[in-house]
file protein.txt (compact mmCIF, C-alpha atoms)
# COMPACT_ATOMS: atom_id res chain seq x y z
CA MET A 1 0.00 0.00 0.00
CA ILE A 2 1.48 3.34 -1.11
CA LEU A 3 0.20 6.73 0.01
CA HIS A 4 1.22 9.75 -2.07
CA GLY A 5 1.28 13.13 -0.33
CA ALA A 6 2.72 14.88 2.71
CA SER A 7 1.41 15.14 6.26
CA ILE A 8 1.40 18.92 6.06
CA SER A 9 -1.78 18.46 4.00
CA PRO A 10 -4.78 17.91 6.30
CA PHE A 11 -6.27 15.48 3.78
CA VAL A 12 -3.12 13.36 3.66
CA ARG A 13 -2.87 13.57 7.43
CA LYS A 14 -6.44 12.20 7.65
CA ILE A 15 -5.43 9.06 5.79
CA MET A 16 -2.14 8.65 7.64
CA LEU A 17 -4.11 8.68 10.89
CA ALA A 18 -6.78 6.35 9.51
CA LEU A 19 -4.11 3.86 8.47
CA ALA A 20 -2.38 4.14 11.84
CA TYR A 21 -5.68 3.68 13.68
CA LYS A 22 -6.34 0.48 11.76
CA GLY A 23 -2.76 -0.74 12.10
CA ILE A 24 -2.25 -0.92 8.33
CA ALA A 25 1.33 -0.69 7.11
CA TYR A 26 1.99 1.63 4.17
CA ASP A 27 4.76 3.41 2.32
CA LEU A 28 4.50 7.22 2.25
CA GLN A 29 5.78 8.71 -0.99
CA PRO A 30 6.28 12.47 -0.45
CA LEU A 31 4.38 14.62 -2.91
CA ASN A 32 3.69 18.35 -2.54
CA PRO A 33 1.12 19.45 -5.15
CA TYR A 34 2.09 23.11 -4.72
CA LEU A 35 5.74 22.48 -5.55
CA GLU A 36 5.45 19.37 -7.75
CA LYS A 37 2.45 20.23 -9.90
CA GLU A 38 3.40 18.10 -12.91
CA LEU A 39 3.95 14.97 -10.82
CA ALA A 40 0.78 15.62 -8.85
CA HIS A 41 -1.26 15.74 -12.06
CA LYS A 42 0.23 12.42 -13.12
CA ARG A 43 -1.08 10.89 -9.90
CA HIS A 44 -4.43 12.67 -9.78
CA PRO A 45 -6.39 14.29 -12.65
CA MET A 46 -6.89 17.43 -10.54
CA GLY A 47 -3.37 17.45 -9.13
CA LYS A 48 -4.50 16.77 -5.56
CA VAL A 49 -3.42 14.57 -2.69
CA PRO A 50 -3.83 12.06 -1.14
CA VAL A 51 -3.64 9.25 -3.66
CA LEU A 52 -3.59 5.65 -2.44
CA GLU A 53 -2.23 2.74 -4.46
CA HIS A 54 -3.27 -0.74 -3.37
CA ASN A 55 -3.59 -4.06 -5.22
CA ASN A 56 -3.02 -2.40 -8.59
CA GLN A 57 -5.82 0.07 -7.87
CA THR A 58 -5.56 3.87 -7.51
CA ILE A 59 -7.95 5.42 -4.98
CA MET A 60 -8.32 9.22 -4.77
CA ASP A 61 -9.95 11.70 -2.38
CA SER A 62 -9.52 11.38 1.37
CA THR A 63 -13.17 10.50 2.05
CA VAL A 64 -13.25 7.87 -0.70
CA ILE A 65 -10.01 6.40 0.65
CA ALA A 66 -11.38 6.33 4.20
CA HIS A 67 -14.45 4.37 3.09
CA TYR A 68 -12.21 2.06 1.07
CA LEU A 69 -10.12 1.35 4.18
CA ASP A 70 -13.27 0.52 6.13
CA ASP A 71 -14.33 -1.84 3.33
CA ILE A 72 -11.06 -3.79 3.24
CA CYS A 73 -10.35 -3.59 6.98
CA PRO A 74 -13.64 -3.15 8.90
CA VAL A 75 -12.15 -3.33 12.41
CA PRO A 76 -11.73 -0.88 14.00
CA PRO A 77 -14.28 1.12 12.00
CA LEU A 78 -13.79 4.74 11.02
CA TYR A 79 -17.57 5.18 10.84
CA PRO A 80 -18.87 3.28 13.89
CA GLY A 81 -22.19 3.22 15.69
CA THR A 82 -25.78 3.50 14.58
CA ALA A 83 -27.04 4.98 11.32
CA GLU A 84 -27.59 8.25 13.19
CA ASP A 85 -24.03 8.13 14.56
CA ARG A 86 -22.56 7.51 11.13
CA ALA A 87 -24.61 10.33 9.62
CA LYS A 88 -23.23 12.76 12.18
CA ILE A 89 -19.68 11.51 11.64
CA ARG A 90 -20.01 11.93 7.88
CA TRP A 91 -21.50 15.40 8.24
CA LEU A 92 -18.71 16.63 10.51
CA GLU A 93 -16.16 15.13 8.14
CA GLU A 94 -17.80 16.97 5.24
CA TYR A 95 -18.04 20.24 7.19
CA SER A 96 -14.42 19.92 8.20
CA ASP A 97 -13.24 19.13 4.68
CA THR A 98 -15.15 22.04 3.13
CA ARG A 99 -16.11 25.03 5.25
CA LEU A 100 -13.51 24.65 8.03
CA THR A 101 -10.73 23.84 5.59
CA SER A 102 -11.62 26.79 3.35
CA LEU A 103 -10.85 29.13 6.25
CA ILE A 104 -8.09 27.43 8.21
CA GLY A 105 -6.40 25.87 5.20
CA GLY A 106 -7.36 28.29 2.47
CA VAL A 107 -6.64 31.47 4.41
CA LEU A 108 -4.67 31.03 7.64
CA PHE A 109 -2.41 28.15 6.63
CA TYR A 110 -2.05 29.35 3.04
CA GLN A 111 -1.07 32.86 4.07
CA LYS A 112 0.95 32.24 7.22
CA VAL A 113 2.69 28.95 6.45
CA LEU A 114 2.67 28.34 2.70
CA ARG A 115 3.26 31.92 1.57
CA GLY A 116 5.02 33.30 4.63
CA LYS A 117 7.22 30.34 5.59
CA ILE A 118 7.57 27.91 2.69
CA LEU A 119 7.53 30.30 -0.30
CA ASN A 120 8.93 33.35 1.56
CA LYS A 121 6.29 35.62 0.06
CA GLU A 122 4.36 38.51 1.56
CA VAL A 123 1.45 37.55 3.79
CA ASP A 124 -1.92 39.17 3.13
CA GLN A 125 -2.55 40.27 6.71
CA ASP A 126 -5.91 41.79 5.82
CA ALA A 127 -7.13 38.37 4.65
CA VAL A 128 -5.86 36.79 7.86
CA ASP A 129 -7.55 39.42 10.03
CA GLN A 130 -10.84 39.12 8.14
CA CYS A 131 -10.78 35.37 8.62
CA LEU A 132 -10.01 35.58 12.35
CA GLN A 133 -12.43 38.36 13.17
CA HIS A 134 -15.40 37.81 10.87
CA HIS A 135 -15.55 34.39 9.17
CA LEU A 136 -13.92 31.78 11.41
CA PRO A 137 -15.80 32.67 14.65
CA MET A 138 -19.15 31.65 13.15
CA VAL A 139 -17.76 28.29 12.10
CA LEU A 140 -16.17 27.67 15.49
CA ASP A 141 -19.37 28.72 17.26
CA TYR A 142 -21.20 26.06 15.27
CA LEU A 143 -18.65 23.36 16.05
CA GLU A 144 -18.66 24.31 19.73
CA GLN A 145 -22.36 23.41 19.73
CA GLN A 146 -21.90 20.11 17.89
CA ILE A 147 -19.33 18.37 20.04
CA PRO A 148 -20.02 16.78 23.45
CA GLU A 149 -18.92 18.12 26.81
CA LYS A 150 -16.55 15.16 27.15
CA GLY A 151 -15.29 12.39 24.93
CA TYR A 152 -15.89 11.98 21.24
CA VAL A 153 -18.74 12.86 18.87
CA CYS A 154 -20.08 9.32 19.16
CA GLU A 155 -19.20 6.64 21.68
CA HIS A 156 -16.02 5.63 19.86
CA PHE A 157 -13.16 7.37 18.08
CA SER A 158 -14.16 8.01 14.46
CA MET A 159 -13.47 9.87 11.24
CA ALA A 160 -15.11 12.93 12.80
CA GLU A 161 -12.18 13.19 15.21
CA VAL A 162 -9.63 12.43 12.48
CA SER A 163 -11.05 15.05 10.10
CA LEU A 164 -11.52 17.84 12.62
CA TRP A 165 -8.16 17.35 14.29
CA SER A 166 -6.33 17.15 10.97
CA ILE A 167 -7.40 20.62 9.88
CA PHE A 168 -7.12 22.14 13.35
CA ARG A 169 -3.53 20.88 13.34
CA ASN A 170 -2.89 23.06 10.28
CA GLY A 171 -4.48 25.94 12.14
CA TRP A 172 -2.18 25.32 15.08
CA MET A 173 0.82 25.39 12.74
CA ALA A 174 -0.42 28.76 11.45
CA GLY A 175 -0.68 30.09 15.01
CA LEU A 176 -4.39 29.51 15.74
CA ARG A 177 -5.10 28.92 19.43
CA LEU A 178 -8.60 28.21 20.74
CA ASN A 179 -8.00 27.95 24.50
CA SER A 180 -10.53 29.94 26.56
CA HIS A 181 -12.42 31.25 23.53
CA TYR A 182 -13.86 27.81 22.76
CA PRO A 183 -13.44 25.62 25.84
CA LYS A 184 -15.32 22.58 24.48
CA LEU A 185 -13.40 22.57 21.21
CA HIS A 186 -10.12 23.09 23.03
CA ALA A 187 -10.85 20.17 25.40
CA TYR A 188 -12.02 18.03 22.48
CA ILE A 189 -8.82 18.62 20.48
CA SER A 190 -6.72 17.97 23.59
CA THR A 191 -8.51 14.64 24.17
CA ILE A 192 -7.84 13.56 20.58
CA GLU A 193 -4.16 14.38 20.97
CA GLN A 194 -3.89 11.91 23.84
CA GLU A 195 -4.47 9.01 21.45
CA PRO A 196 -1.09 7.30 20.90
CA TRP A 197 -1.17 7.30 17.08
CA ILE A 198 -2.03 11.01 17.15
CA ALA A 199 0.76 11.75 19.62
CA ASN A 200 3.22 9.83 17.44
CA LEU A 201 2.34 11.92 14.39
CA ILE A 202 2.63 15.15 16.38
CA SER A 203 6.11 14.10 17.48
CA GLU A 204 7.12 13.32 13.89
CA GLU A 205 5.74 16.61 12.58
CA ASN A 206 7.40 18.60 15.35
CA HIS A 207 10.71 17.04 14.35
CA GLU A 208 10.28 17.62 10.60
CA LEU A 209 8.14 20.75 10.27
CA SER A 210 8.83 22.97 13.29
CA SER A 211 10.66 25.54 11.16
CA PHE A 212 7.34 26.28 9.45
CA TYR A 213 5.35 26.87 12.67
CA CYS A 214 4.05 30.39 13.29
CA GLU A 215 3.77 32.43 16.44
CA PRO A 216 0.34 32.30 18.14
CA MET A 217 -2.13 34.77 16.66
CA ILE A 218 -4.46 37.01 18.65
CA PHE A 219 -7.89 35.53 18.18
CA LYS A 220 -11.00 37.50 18.98
CA ALA A 221 -14.13 35.36 19.13
CA ASN A 222 -17.58 36.90 18.63
call {"tool": "encode", "arguments": {"input": "protein.txt", "output": "structure tokens"}}
result
Amino acid sequence: MILHGASISPFVRKIMLALAYKGIAYDLQPLNPYLEKELAHKRHPMGKVPVLEHNNQTIMDSTVIAHYLDDICPVPPLYPGTAEDRAKIRWLEEYSDTRLTSLIGGVLFYQKVLRGKILNKEVDQDAVDQCLQHHLPMVLDYLEQQIPEKGYVCEHFSMAEVSLWSIFRNGWMAGLRLNSHYPKLHAYISTIEQEPWIANLISEENHELSSFYCEPMIFKAN
């Protein structure tokens, strides 16, 4: 099993964590679609990551890959519980991959880390401020209402935790700190990070990527 991508991508990180959770061995082939556009388009028709190769098959899109992993290795499941549980897990995965990622990944991480640290270009501070002060608070308010006081979204660890933590990790790299502004979200993320396979990835990323981490940003919630 070969996974193409890099953990700095929240979508690749999702699959790395899913594989680790299931105990599936794989070979990570580094691929940065921003810097290796031609190679990325050879792997994926839209030049995106992750791409998974397994048994002479190519599987694309992090959600498709996650369901594929559950199909070939059902235990432990990434989408556990009742039909209602699985619907909530899938919705939070979708919300994380779209709306949350568009702000944390598309604005904060793109400006602060990709442009500011990796490409050494000027950061659009107005875009960052607009995101922090006007757009992101509404999204975080919504998530604060969706997660439980303690524990996980459903009874067991699931793709909801994997998806949300993966993009919040990119936010953390960009300097986003929730802390007292969103106590439930902060506690939720902290609980996820206590899982051993999450802690292992954090340790690896801290070793490899720390030069790209940004100073904490002042965050003003609504």
call {"tool": "closest_residue", "arguments": {"input": "protein.txt", "among": "A:Ala174, A:Leu103, A:Ile118, A:Ile15", "to": "Met138 in chain A", "atoms": "only C-alpha atoms"}}
result
A:Leu103
call {"tool": "closest_residue", "arguments": {"input": "protein.txt", "among": "A:Ile89, A:Val51, A:Leu19, A:Met217", "to": "Gln125 in chain A", "atoms": "all atoms listed in the file"}}
result
A:Met217
call {"tool": "residues_around", "arguments": {"input": "protein.txt", "residues": "range 194-209 of chain A", "least_positions_apart": "6", "cutoff": "8 Å", "atoms": "only C-alpha atoms", "output": "PyMOL selection string"}}
result
chain A and resi 7+17+20-21
call {"tool": "atom_distance", "arguments": {"input": "protein.txt", "atom1": "CA of Ser96 in chain A", "atom2": "CA of Met159 in chain A"}}
result
10.5 Å
call {"tool": "atom_distance", "arguments": {"input": "protein.txt", "atom1": "CA of Tyr79 in chain A", "atom2": "CA of Asn179 in chain A"}}
result
28.2 Å
call {"tool": "residues_around", "arguments": {"input": "protein.txt", "residues": "Arg86 in chain A", "least_positions_apart": "2", "cutoff": "12 Å", "atoms": "all atoms listed in the file", "output": "JSON, numbers by chain"}}
result
{"A": [67, 77, 78, 79, 80, 81, 82, 83, 84, 88, 89, 90, 91, 92, 93, 153, 154, 155, 156, 157, 158, 159, 160]}
call {"tool": "atom_distance", "arguments": {"input": "protein.txt", "atom1": "CA of Ile167 in chain A", "atom2": "CA of Asn55 in chain A"}}
result
29.2 Å
call {"tool": "residues_near_point", "arguments": {"input": "protein.txt", "point": "(1.4, 5.6, 3.7)", "cutoff": "6 Å", "atoms": "only C-alpha atoms", "output": "mmCIF file with C-alpha atoms, keeping the file's coordinate frame"}}
result
data_model
loop_
_atom_site.group_PDB
_atom_site.id
_atom_site.type_symbol
_atom_site.label_atom_id
_atom_site.label_comp_id
_atom_site.auth_asym_id
_atom_site.auth_seq_id
_atom_site.Cartn_x
_atom_site.Cartn_y
_atom_site.Cartn_z
ATOM 1 C CA ILE A 2 1.480 3.340 -1.110
ATOM 2 C CA LEU A 3 0.200 6.730 0.010
ATOM 3 C CA TYR A 26 1.990 1.630 4.170
ATOM 4 C CA ASP A 27 4.760 3.410 2.320
ATOM 5 C CA LEU A 28 4.500 7.220 2.250
#
call {"tool": "closest_residue", "arguments": {"input": "protein.txt", "among": "A:Asp124, A:Val113, A:Arg169, A:Leu176", "to": "Leu136 in chain A", "atoms": "all atoms listed in the file"}}
result
A:Leu176
call {"tool": "closest_residue", "arguments": {"input": "protein.txt", "among": "A:Thr101, A:Gln133, A:Asn120, A:Gln145", "to": "Asn170 in chain A", "atoms": "only C-alpha atoms"}}
result
A:Thr101
call {"tool": "closest_residue", "arguments": {"input": "protein.txt", "among": "A:Ile65, A:Ala127, A:Leu52, A:Leu100", "to": "Met1 in chain A", "atoms": "only C-alpha atoms"}}
result
A:Leu52
call {"tool": "closest_residue", "arguments": {"input": "protein.txt", "among": "A:Glu94, A:Asp141, A:Asp85, A:Asp71", "to": "Pro183 in chain A", "atoms": "all atoms listed in the file"}}
result
A:Asp141
call {"tool": "residues_around", "arguments": {"input": "protein.txt", "residues": "Leu114 in chain A", "least_positions_apart": "6", "cutoff": "12 Å", "atoms": "all atoms listed in the file", "output": "compact mmCIF listing (two decimals) with C-alpha atoms, keeping the file's coordinate frame"}}
result
# COMPACT_ATOMS: atom_id res chain seq x y z
CA ILE A 8 1.40 18.92 6.06
CA SER A 9 -1.78 18.46 4.00
CA ASN A 32 3.69 18.35 -2.54
CA PRO A 33 1.12 19.45 -5.15
CA TYR A 34 2.09 23.11 -4.72
CA LEU A 35 5.74 22.48 -5.55
CA GLY A 105 -6.40 25.87 5.20
CA GLY A 106 -7.36 28.29 2.47
CA VAL A 107 -6.64 31.47 4.41
CA LEU A 108 -4.67 31.03 7.64
CA ASN A 120 8.93 33.35 1.56
CA LYS A 121 6.29 35.62 0.06
CA GLU A 122 4.36 38.51 1.56
CA VAL A 123 1.45 37.55 3.79
CA ASP A 124 -1.92 39.17 3.13
CA ASN A 170 -2.89 23.06 10.28
CA MET A 173 0.82 25.39 12.74
CA ALA A 174 -0.42 28.76 11.45
CA SER A 211 10.66 25.54 11.16
CA PHE A 212 7.34 26.28 9.45
CA TYR A 213 5.35 26.87 12.67
CA CYS A 214 4.05 30.39 13.29
call {"tool": "build_atoms", "arguments": {"input": "protein.txt", "residues": "range 159-170 of chain A", "atoms": "all heavy atoms", "output": "mmCIF file, in the frame of the given file"}}
result
data_model
loop_
_atom_site.group_PDB
_atom_site.id
_atom_site.type_symbol
_atom_site.label_atom_id
_atom_site.label_comp_id
_atom_site.auth_asym_id
_atom_site.auth_seq_id
_atom_site.Cartn_x
_atom_site.Cartn_y
_atom_site.Cartn_z
ATOM 1 N N MET A 159 -13.969 8.951 12.255
ATOM 2 C CA MET A 159 -13.470 9.870 11.240
ATOM 3 C C MET A 159 -13.827 11.315 11.551
ATOM 4 O O MET A 159 -13.181 12.231 11.052
ATOM 5 C CB MET A 159 -14.005 9.459 9.865
ATOM 6 C CG MET A 159 -13.456 10.255 8.698
ATOM 7 S SD MET A 159 -11.647 10.394 8.630
ATOM 8 C CE MET A 159 -11.202 8.695 8.278
ATOM 9 N N ALA A 160 -14.814 11.552 12.380
ATOM 10 C CA ALA A 160 -15.110 12.930 12.800
ATOM 11 C C ALA A 160 -13.902 13.504 13.536
ATOM 12 O O ALA A 160 -13.484 14.643 13.268
ATOM 13 C CB ALA A 160 -16.350 12.963 13.695
ATOM 14 N N GLU A 161 -13.357 12.723 14.452
ATOM 15 C CA GLU A 161 -12.180 13.190 15.210
ATOM 16 C C GLU A 161 -10.978 13.354 14.284
ATOM 17 O O GLU A 161 -10.233 14.350 14.363
ATOM 18 C CB GLU A 161 -11.845 12.203 16.333
ATOM 19 C CG GLU A 161 -12.722 12.332 17.555
ATOM 20 C CD GLU A 161 -14.146 11.835 17.320
ATOM 21 O OE1 GLU A 161 -14.325 10.709 16.796
ATOM 22 O OE2 GLU A 161 -15.098 12.592 17.661
ATOM 23 N N VAL A 162 -10.763 12.369 13.408
ATOM 24 C CA VAL A 162 -9.630 12.430 12.480
ATOM 25 C C VAL A 162 -9.719 13.676 11.609
ATOM 26 O O VAL A 162 -8.739 14.419 11.454
ATOM 27 C CB VAL A 162 -9.595 11.158 11.602
ATOM 28 C CG1 VAL A 162 -8.559 11.318 10.482
ATOM 29 C CG2 VAL A 162 -9.268 9.932 12.436
ATOM 30 N N SER A 163 -10.893 13.934 11.042
ATOM 31 C CA SER A 163 -11.050 15.050 10.100
ATOM 32 C C SER A 163 -10.902 16.401 10.786
ATOM 33 O O SER A 163 -10.191 17.285 10.294
ATOM 34 C CB SER A 163 -12.416 14.965 9.419
ATOM 35 O OG SER A 163 -12.554 13.755 8.730
ATOM 36 N N LEU A 164 -11.589 16.565 11.913
ATOM 37 C CA LEU A 164 -11.520 17.840 12.620
ATOM 38 C C LEU A 164 -10.117 18.118 13.132
ATOM 39 O O LEU A 164 -9.585 19.216 12.965
ATOM 40 C CB LEU A 164 -12.532 17.861 13.764
ATOM 41 C CG LEU A 164 -13.997 17.985 13.336
ATOM 42 C CD1 LEU A 164 -14.925 17.660 14.502
ATOM 43 C CD2 LEU A 164 -14.280 19.389 12.814
ATOM 44 N N TRP A 165 -9.499 17.115 13.749
ATOM 45 C CA TRP A 165 -8.160 17.350 14.290
ATOM 46 C C TRP A 165 -7.163 17.649 13.182
ATOM 47 O O TRP A 165 -6.287 18.507 13.344
ATOM 48 C CB TRP A 165 -7.672 16.155 15.119
ATOM 49 C CG TRP A 165 -6.334 16.462 15.722
ATOM 50 C CD1 TRP A 165 -6.091 17.179 16.865
ATOM 51 C CD2 TRP A 165 -5.055 16.127 15.182
ATOM 52 N NE1 TRP A 165 -4.725 17.299 17.066
ATOM 53 C CE2 TRP A 165 -4.077 16.660 16.050
ATOM 54 C CE3 TRP A 165 -4.644 15.416 14.052
ATOM 55 C CZ2 TRP A 165 -2.715 16.499 15.819
ATOM 56 C CZ3 TRP A 165 -3.279 15.264 13.817
ATOM 57 C CH2 TRP A 165 -2.325 15.806 14.703
ATOM 58 N N SER A 166 -7.296 16.967 12.059
ATOM 59 C CA SER A 166 -6.330 17.150 10.970
ATOM 60 C C SER A 166 -6.269 18.591 10.494
ATOM 61 O O SER A 166 -5.177 19.132 10.262
ATOM 62 C CB SER A 166 -6.674 16.218 9.796
ATOM 63 O OG SER A 166 -6.488 14.871 10.149
ATOM 64 N N ILE A 167 -7.422 19.235 10.348
ATOM 65 C CA ILE A 167 -7.400 20.620 9.880
ATOM 66 C C ILE A 167 -7.073 21.577 11.020
ATOM 67 O O ILE A 167 -6.392 22.591 10.806
ATOM 68 C CB ILE A 167 -8.702 21.003 9.153
ATOM 69 C CG1 ILE A 167 -8.579 22.403 8.548
ATOM 70 C CG2 ILE A 167 -9.902 20.915 10.077
ATOM 71 C CD1 ILE A 167 -7.442 22.558 7.557
ATOM 72 N N PHE A 168 -7.516 21.283 12.227
ATOM 73 C CA PHE A 168 -7.120 22.140 13.350
ATOM 74 C C PHE A 168 -5.604 22.088 13.579
ATOM 75 O O PHE A 168 -5.015 23.056 14.057
ATOM 76 C CB PHE A 168 -7.859 21.763 14.627
ATOM 77 C CG PHE A 168 -9.198 22.425 14.768
ATOM 78 C CD1 PHE A 168 -10.369 21.675 14.796
ATOM 79 C CD2 PHE A 168 -9.303 23.812 14.863
ATOM 80 C CE1 PHE A 168 -11.612 22.296 14.916
ATOM 81 C CE2 PHE A 168 -10.535 24.440 14.982
ATOM 82 C CZ PHE A 168 -11.690 23.681 15.008
ATOM 83 N N ARG A 169 -4.990 20.976 13.241
ATOM 84 C CA ARG A 169 -3.530 20.880 13.340
ATOM 85 C C ARG A 169 -2.880 21.886 12.398
ATOM 86 O O ARG A 169 -1.900 22.539 12.760
ATOM 87 C CB ARG A 169 -3.093 19.451 13.018
ATOM 88 C CG ARG A 169 -1.592 19.234 12.991
ATOM 89 C CD ARG A 169 -0.955 19.414 14.345
ATOM 90 N NE ARG A 169 0.457 19.034 14.311
ATOM 91 C CZ ARG A 169 1.337 19.338 15.260
ATOM 92 N NH1 ARG A 169 0.958 20.017 16.339
ATOM 93 N NH2 ARG A 169 2.592 18.962 15.170
ATOM 94 N N ASN A 170 -3.417 22.042 11.194
ATOM 95 C CA ASN A 170 -2.890 23.060 10.280
ATOM 96 C C ASN A 170 -3.109 24.457 10.845
ATOM 97 O O ASN A 170 -2.264 25.342 10.682
ATOM 98 C CB ASN A 170 -3.556 22.933 8.914
ATOM 99 C CG ASN A 170 -2.915 21.867 8.061
ATOM 100 O OD1 ASN A 170 -2.917 20.698 8.446
ATOM 101 N ND2 ASN A 170 -2.390 22.240 6.913
#
